[in-house]
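So the structure is just underneath, and the comments pick up after that.
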Amino acid sequence: KDLLAAHPGDELLNYRRMTDPPMIMAMKVLVKVALGMNQMSPEAVLPIVEKMIQLSLSHGLSPVTPIGLAYFGSYTAKIGHIEEGYRYVKFSLTLLQKIGSIENLGEIYGMATQIKCFVEPVQAVCEHPHFNNAYIAAMTS
């Protein structure tokens, strides 16, 4: 949280991009590990997500940075900080659009929907155009 606090949202949206192919691959591996660990041992996901955020801030934003932020927002909301988690989730969706990657769109929107339903009307969340796009992307990938 401290790492992200040092970078306001607008600054992060315009943050440099990760260009090192091995680092991008490492980030993708961390996402896959986090997805699996979320099912087997959810408490082990936070250190993985923290590493993803740390790498993104030190090496640039990758196509999978938004899912790290979505996980972080989800975790933050789960420990009772719903408004703060909601902000991270919304930022992950904004960043996803800016980066233009649909690689993890289904997973990101799945996590985002869980948190957004605590703050926004459920009907508005489910009728949002990105919700349908995420469903289509998840079903075709």
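By order in the structure tokens, chains are A, B, ...; within a chain, residues start at 1; ligands start at 1, following the order shown.
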
Practice problem: Can you pull out every residue within 12 Å of A:Ile136, counting only C-alpha atoms, but drop anything in the same chain fewer than 2 positions away, and send it as a ChimeraX atom specification? | Solution: /A:102,104-107,109,129-134,138-141

Written file, previous selection with C-alpha atoms, as a tab-separated table (two decimals), in the first residue's frame:
```tsv
chain	number	residue	atom	x	y	z
A	102	ILE	CA	-7.43	-8.29	-22.78
A	104	ASN	CA	-6.76	-11.31	-18.13
A	105	LEU	CA	-9.92	-9.31	-18.77
A	106	GLY	CA	-12.26	-12.06	-17.52
A	107	GLU	CA	-10.39	-12.59	-14.25
A	109	TYR	CA	-13.65	-8.14	-14.24
A	129	PRO	CA	-20.51	-2.68	-21.37
A	130	HIS	CA	-17.17	-3.94	-20.01
A	131	PHE	CA	-18.98	-6.70	-18.13
A	132	ASN	CA	-20.22	-8.24	-21.38
A	133	ASN	CA	-16.82	-7.74	-23.06
A	134	ALA	CA	-15.13	-9.49	-20.14
A	138	ALA	CA	-13.13	-15.05	-20.81
A	139	MET	CA	-15.23	-17.54	-22.77
A	140	THR	CA	-13.08	-17.26	-25.90
A	141	SER	CA	-9.67	-17.48	-24.22
```

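Compared by their closest atoms to A:Lys78, and using only C-alpha atoms, the residues A:Ser58, A:Gln114, A:Ser101, A:Thr19 rank with A:Gln114 nearest.
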
Exercise. Choose the residue, out of A:Gln39, A:Ile67, A:Phe91, A:Glu84, that has the smallest atom-to-atom separation from A:Gly110; count only C-alpha atoms.
Key: A:Ile67

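The interatomic distance for the pair atom CA of A:Ala34 and atom CA of A:Glu120 works out to 26.7 Å.
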
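Atom CA of A:Pro66 is found 4.6 Å from atom CA of A:Ser92.
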
Quiz item: What's the 10 Å shell around A:Leu55, counting only C-alpha atoms, without same-chain residues fewer than 2 positions away, as a list of chain:residue names?
Solution: A:Met18, A:Met23, A:Ile24, A:Ala26, A:Met27, A:Val49, A:Glu50, A:Lys51, A:Met52, A:Ile53, A:Leu57, A:Ser58, A:His59, A:Gly60, A:Leu61, A:Ser62, A:Thr65

Can you list every residue in chain A that DSSP puts in helix (DSSP H, G or I), as a PDB file with C-alpha atoms, in the first residue's frame?
```
ATOM      1  CA  ASP A   2       2.883   2.343   0.805  1.00  0.00           C
ATOM      2  CA  LEU A   3       4.426   1.749  -2.628  1.00  0.00           C
ATOM      3  CA  LEU A   4       1.195   2.711  -4.361  1.00  0.00           C
ATOM      4  CA  ALA A   5       0.583   5.698  -2.088  1.00  0.00           C
ATOM      5  CA  GLY A   9      -3.433   7.484  -9.918  1.00  0.00           C
ATOM      6  CA  ASP A  10      -2.790   9.923 -12.775  1.00  0.00           C
ATOM      7  CA  GLU A  11       0.939   9.364 -12.474  1.00  0.00           C
ATOM      8  CA  LEU A  12       0.491   5.591 -12.629  1.00  0.00           C
ATOM      9  CA  LEU A  13      -1.748   5.816 -15.685  1.00  0.00           C
ATOM     10  CA  PRO A  21      10.711  -9.601 -22.169  1.00  0.00           C
ATOM     11  CA  PRO A  22      12.046 -11.798 -19.305  1.00  0.00           C
ATOM     12  CA  MET A  23      10.470  -9.431 -16.755  1.00  0.00           C
ATOM     13  CA  ILE A  24       7.149  -9.474 -18.612  1.00  0.00           C
ATOM     14  CA  MET A  25       7.290 -13.286 -18.604  1.00  0.00           C
ATOM     15  CA  ALA A  26       8.074 -13.270 -14.869  1.00  0.00           C
ATOM     16  CA  MET A  27       4.992 -11.125 -14.276  1.00  0.00           C
ATOM     17  CA  LYS A  28       2.874 -13.539 -16.295  1.00  0.00           C
ATOM     18  CA  VAL A  29       4.202 -16.450 -14.237  1.00  0.00           C
ATOM     19  CA  LEU A  30       3.343 -14.589 -11.025  1.00  0.00           C
ATOM     20  CA  VAL A  31      -0.228 -14.105 -12.297  1.00  0.00           C
ATOM     21  CA  LYS A  32      -0.616 -17.823 -12.988  1.00  0.00           C
ATOM     22  CA  VAL A  33       0.796 -18.686  -9.562  1.00  0.00           C
ATOM     23  CA  ALA A  34      -1.560 -16.176  -7.909  1.00  0.00           C
ATOM     24  CA  LEU A  35      -4.573 -17.597  -9.760  1.00  0.00           C
ATOM     25  CA  GLY A  36      -3.755 -21.112  -8.572  1.00  0.00           C
ATOM     26  CA  MET A  37      -2.884 -20.063  -5.034  1.00  0.00           C
ATOM     27  CA  ASN A  38      -6.143 -18.142  -4.754  1.00  0.00           C
ATOM     28  CA  GLN A  39      -7.947 -21.490  -4.873  1.00  0.00           C
ATOM     29  CA  MET A  40      -5.574 -23.520  -2.689  1.00  0.00           C
ATOM     30  CA  PRO A  42      -5.693 -17.535  -0.506  1.00  0.00           C
ATOM     31  CA  GLU A  43      -3.509 -16.108   2.263  1.00  0.00           C
ATOM     32  CA  ALA A  44      -0.436 -16.827   0.115  1.00  0.00           C
ATOM     33  CA  VAL A  45      -1.653 -14.573  -2.715  1.00  0.00           C
ATOM     34  CA  LEU A  46      -0.873 -11.237  -1.054  1.00  0.00           C
ATOM     35  CA  PRO A  47       2.951 -11.642  -1.129  1.00  0.00           C
ATOM     36  CA  ILE A  48       2.723 -12.570  -4.812  1.00  0.00           C
ATOM     37  CA  VAL A  49       0.562  -9.530  -5.559  1.00  0.00           C
ATOM     38  CA  GLU A  50       2.895  -7.287  -3.582  1.00  0.00           C
ATOM     39  CA  LYS A  51       5.811  -8.569  -5.678  1.00  0.00           C
ATOM     40  CA  MET A  52       3.860  -7.867  -8.879  1.00  0.00           C
ATOM     41  CA  ILE A  53       3.182  -4.294  -7.768  1.00  0.00           C
ATOM     42  CA  GLN A  54       6.795  -3.830  -6.698  1.00  0.00           C
ATOM     43  CA  LEU A  55       8.069  -5.092 -10.076  1.00  0.00           C
ATOM     44  CA  SER A  56       5.591  -2.875 -11.921  1.00  0.00           C
ATOM     45  CA  LEU A  57       6.755   0.194 -10.042  1.00  0.00           C
ATOM     46  CA  SER A  58      10.432  -0.581 -10.509  1.00  0.00           C
ATOM     47  CA  HIS A  59      10.401  -1.920 -14.105  1.00  0.00           C
ATOM     48  CA  THR A  65      -0.198  -5.208 -13.891  1.00  0.00           C
ATOM     49  CA  PRO A  66      -3.975  -4.554 -13.831  1.00  0.00           C
ATOM     50  CA  ILE A  67      -4.705  -8.023 -12.462  1.00  0.00           C
ATOM     51  CA  GLY A  68      -2.196  -7.452  -9.662  1.00  0.00           C
ATOM     52  CA  LEU A  69      -4.005  -4.245  -8.753  1.00  0.00           C
ATOM     53  CA  ALA A  70      -7.374  -6.010  -8.949  1.00  0.00           C
ATOM     54  CA  TYR A  71      -6.129  -8.716  -6.582  1.00  0.00           C
ATOM     55  CA  PHE A  72      -4.770  -6.052  -4.249  1.00  0.00           C
ATOM     56  CA  GLY A  73      -8.093  -4.205  -4.313  1.00  0.00           C
ATOM     57  CA  SER A  74      -9.966  -7.424  -3.646  1.00  0.00           C
ATOM     58  CA  TYR A  75      -7.719  -8.281  -0.712  1.00  0.00           C
ATOM     59  CA  THR A  76      -7.998  -4.746   0.696  1.00  0.00           C
ATOM     60  CA  ALA A  77     -11.792  -4.963   0.553  1.00  0.00           C
ATOM     61  CA  LYS A  78     -11.783  -8.440   2.144  1.00  0.00           C
ATOM     62  CA  ILE A  82     -14.115  -1.691   0.978  1.00  0.00           C
ATOM     63  CA  GLU A  83     -13.852   1.895  -0.291  1.00  0.00           C
ATOM     64  CA  GLU A  84     -10.080   1.647  -0.626  1.00  0.00           C
ATOM     65  CA  GLY A  85     -10.322  -1.752  -2.311  1.00  0.00           C
ATOM     66  CA  TYR A  86     -12.950  -0.329  -4.635  1.00  0.00           C
ATOM     67  CA  ARG A  87     -10.552   2.462  -5.663  1.00  0.00           C
ATOM     68  CA  TYR A  88      -7.812  -0.062  -6.523  1.00  0.00           C
ATOM     69  CA  VAL A  89     -10.255  -2.209  -8.477  1.00  0.00           C
ATOM     70  CA  LYS A  90     -11.571   0.792 -10.422  1.00  0.00           C
ATOM     71  CA  PHE A  91      -8.010   1.876 -11.106  1.00  0.00           C
ATOM     72  CA  SER A  92      -7.133  -1.615 -12.361  1.00  0.00           C
ATOM     73  CA  LEU A  93     -10.007  -1.377 -14.864  1.00  0.00           C
ATOM     74  CA  THR A  94      -8.914   2.095 -15.995  1.00  0.00           C
ATOM     75  CA  LEU A  95      -5.336   0.891 -16.369  1.00  0.00           C
ATOM     76  CA  LEU A  96      -6.539  -2.174 -18.275  1.00  0.00           C
ATOM     77  CA  GLN A  97      -8.255   0.093 -20.807  1.00  0.00           C
ATOM     78  CA  LYS A  98      -5.186   2.339 -21.067  1.00  0.00           C
ATOM     79  CA  ILE A  99      -2.804  -0.588 -21.612  1.00  0.00           C
ATOM     80  CA  LEU A 105      -9.924  -9.315 -18.766  1.00  0.00           C
ATOM     81  CA  GLY A 106     -12.256 -12.062 -17.524  1.00  0.00           C
ATOM     82  CA  GLU A 107     -10.386 -12.591 -14.249  1.00  0.00           C
ATOM     83  CA  ILE A 108     -10.007  -8.872 -13.613  1.00  0.00           C
ATOM     84  CA  TYR A 109     -13.646  -8.141 -14.236  1.00  0.00           C
ATOM     85  CA  GLY A 110     -14.680 -11.134 -12.139  1.00  0.00           C
ATOM     86  CA  MET A 111     -12.762  -9.760  -9.155  1.00  0.00           C
ATOM     87  CA  ALA A 112     -13.871  -6.207  -9.881  1.00  0.00           C
ATOM     88  CA  THR A 113     -17.524  -7.221 -10.004  1.00  0.00           C
ATOM     89  CA  GLN A 114     -17.328  -8.793  -6.549  1.00  0.00           C
ATOM     90  CA  ILE A 115     -16.051  -5.540  -5.050  1.00  0.00           C
ATOM     91  CA  LYS A 116     -18.072  -3.132  -7.188  1.00  0.00           C
ATOM     92  CA  CYS A 117     -21.323  -4.764  -6.035  1.00  0.00           C
ATOM     93  CA  PHE A 118     -20.613  -3.538  -2.489  1.00  0.00           C
ATOM     94  CA  VAL A 119     -20.451   0.071  -3.684  1.00  0.00           C
ATOM     95  CA  VAL A 122     -25.671  -4.572  -8.857  1.00  0.00           C
ATOM     96  CA  GLN A 123     -27.756  -3.916 -11.954  1.00  0.00           C
ATOM     97  CA  ALA A 124     -25.425  -1.085 -13.021  1.00  0.00           C
ATOM     98  CA  VAL A 125     -22.385  -3.334 -12.541  1.00  0.00           C
ATOM     99  CA  CYS A 126     -23.877  -6.152 -14.619  1.00  0.00           C
ATOM    100  CA  GLU A 127     -25.170  -3.870 -17.365  1.00  0.00           C
ATOM    101  CA  PRO A 129     -20.505  -2.676 -21.373  1.00  0.00           C
ATOM    102  CA  HIS A 130     -17.173  -3.944 -20.013  1.00  0.00           C
ATOM    103  CA  PHE A 131     -18.981  -6.698 -18.125  1.00  0.00           C
ATOM    104  CA  ASN A 132     -20.217  -8.237 -21.382  1.00  0.00           C
ATOM    105  CA  ASN A 133     -16.823  -7.740 -23.065  1.00  0.00           C
ATOM    106  CA  ALA A 134     -15.134  -9.488 -20.138  1.00  0.00           C
ATOM    107  CA  TYR A 135     -17.563 -12.387 -20.369  1.00  0.00           C
ATOM    108  CA  ILE A 136     -16.907 -12.786 -24.091  1.00  0.00           C
ATOM    109  CA  ALA A 137     -13.120 -12.507 -23.621  1.00  0.00           C
ATOM    110  CA  ALA A 138     -13.127 -15.054 -20.807  1.00  0.00           C
ATOM    111  CA  MET A 139     -15.227 -17.536 -22.773  1.00  0.00           C
ATOM    112  CA  THR A 140     -13.081 -17.264 -25.899  1.00  0.00           C
TER     113      THR A 140
END
```
